[in-house]
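Reviewing the structure listed below.
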Amino acid sequence: MRYTVLVGNDDTVSDFGVISFPNTYVIGPGWKLYKKYSGVSETKAADIRRDIETLLKTSPEPKGAKITNED
């Protein structure tokens, strides 16, 4: 599965309220926070994949996006 990864700066940290590491954010349509994962978890990758698949089913594909089944 391919998806966009946001790499931010201090403003991004402030916007999303980062207070610990590692943090993973799943961002939905309109750059709205869909879900936040803090810390380490054995199921994090599967959980994020499920979140992304749910978002892709409920919102239109972004213009120019290419969705594949590749990891």
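Going through the structure tokens in order, the chains are called A, B, and so on, while each chain numbers its residues from 1 and the ligands are numbered from 1 in the order shown.
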Next on the checklist: Need the shell around range 14-26 of chain A: protein/DNA/RNA residues with any atom at most 8 Å away, counting only C-alpha atoms. Skip same-chain ones fewer than 2 positions apart. Format as a list in words?
Outcome noted: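 Close residues of range 14-26 of chain A: Asp10, Asp11, Thr12, Gly28, Leu33, Tyr34, Lys35, Lys36, Tyr37, Ser38, Gly39, Val40, Ile48, Asp51 and Ile52 of chain A.
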Next on the checklist: Report, in Å to a single decimal, how far apart CA of Thr4 in chain A and CA of Pro29 in chain A are.
Outcome noted: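 Taking CA of Pro29 in chain A and CA of Thr4 in chain A, their separation equals 12.5 Å.
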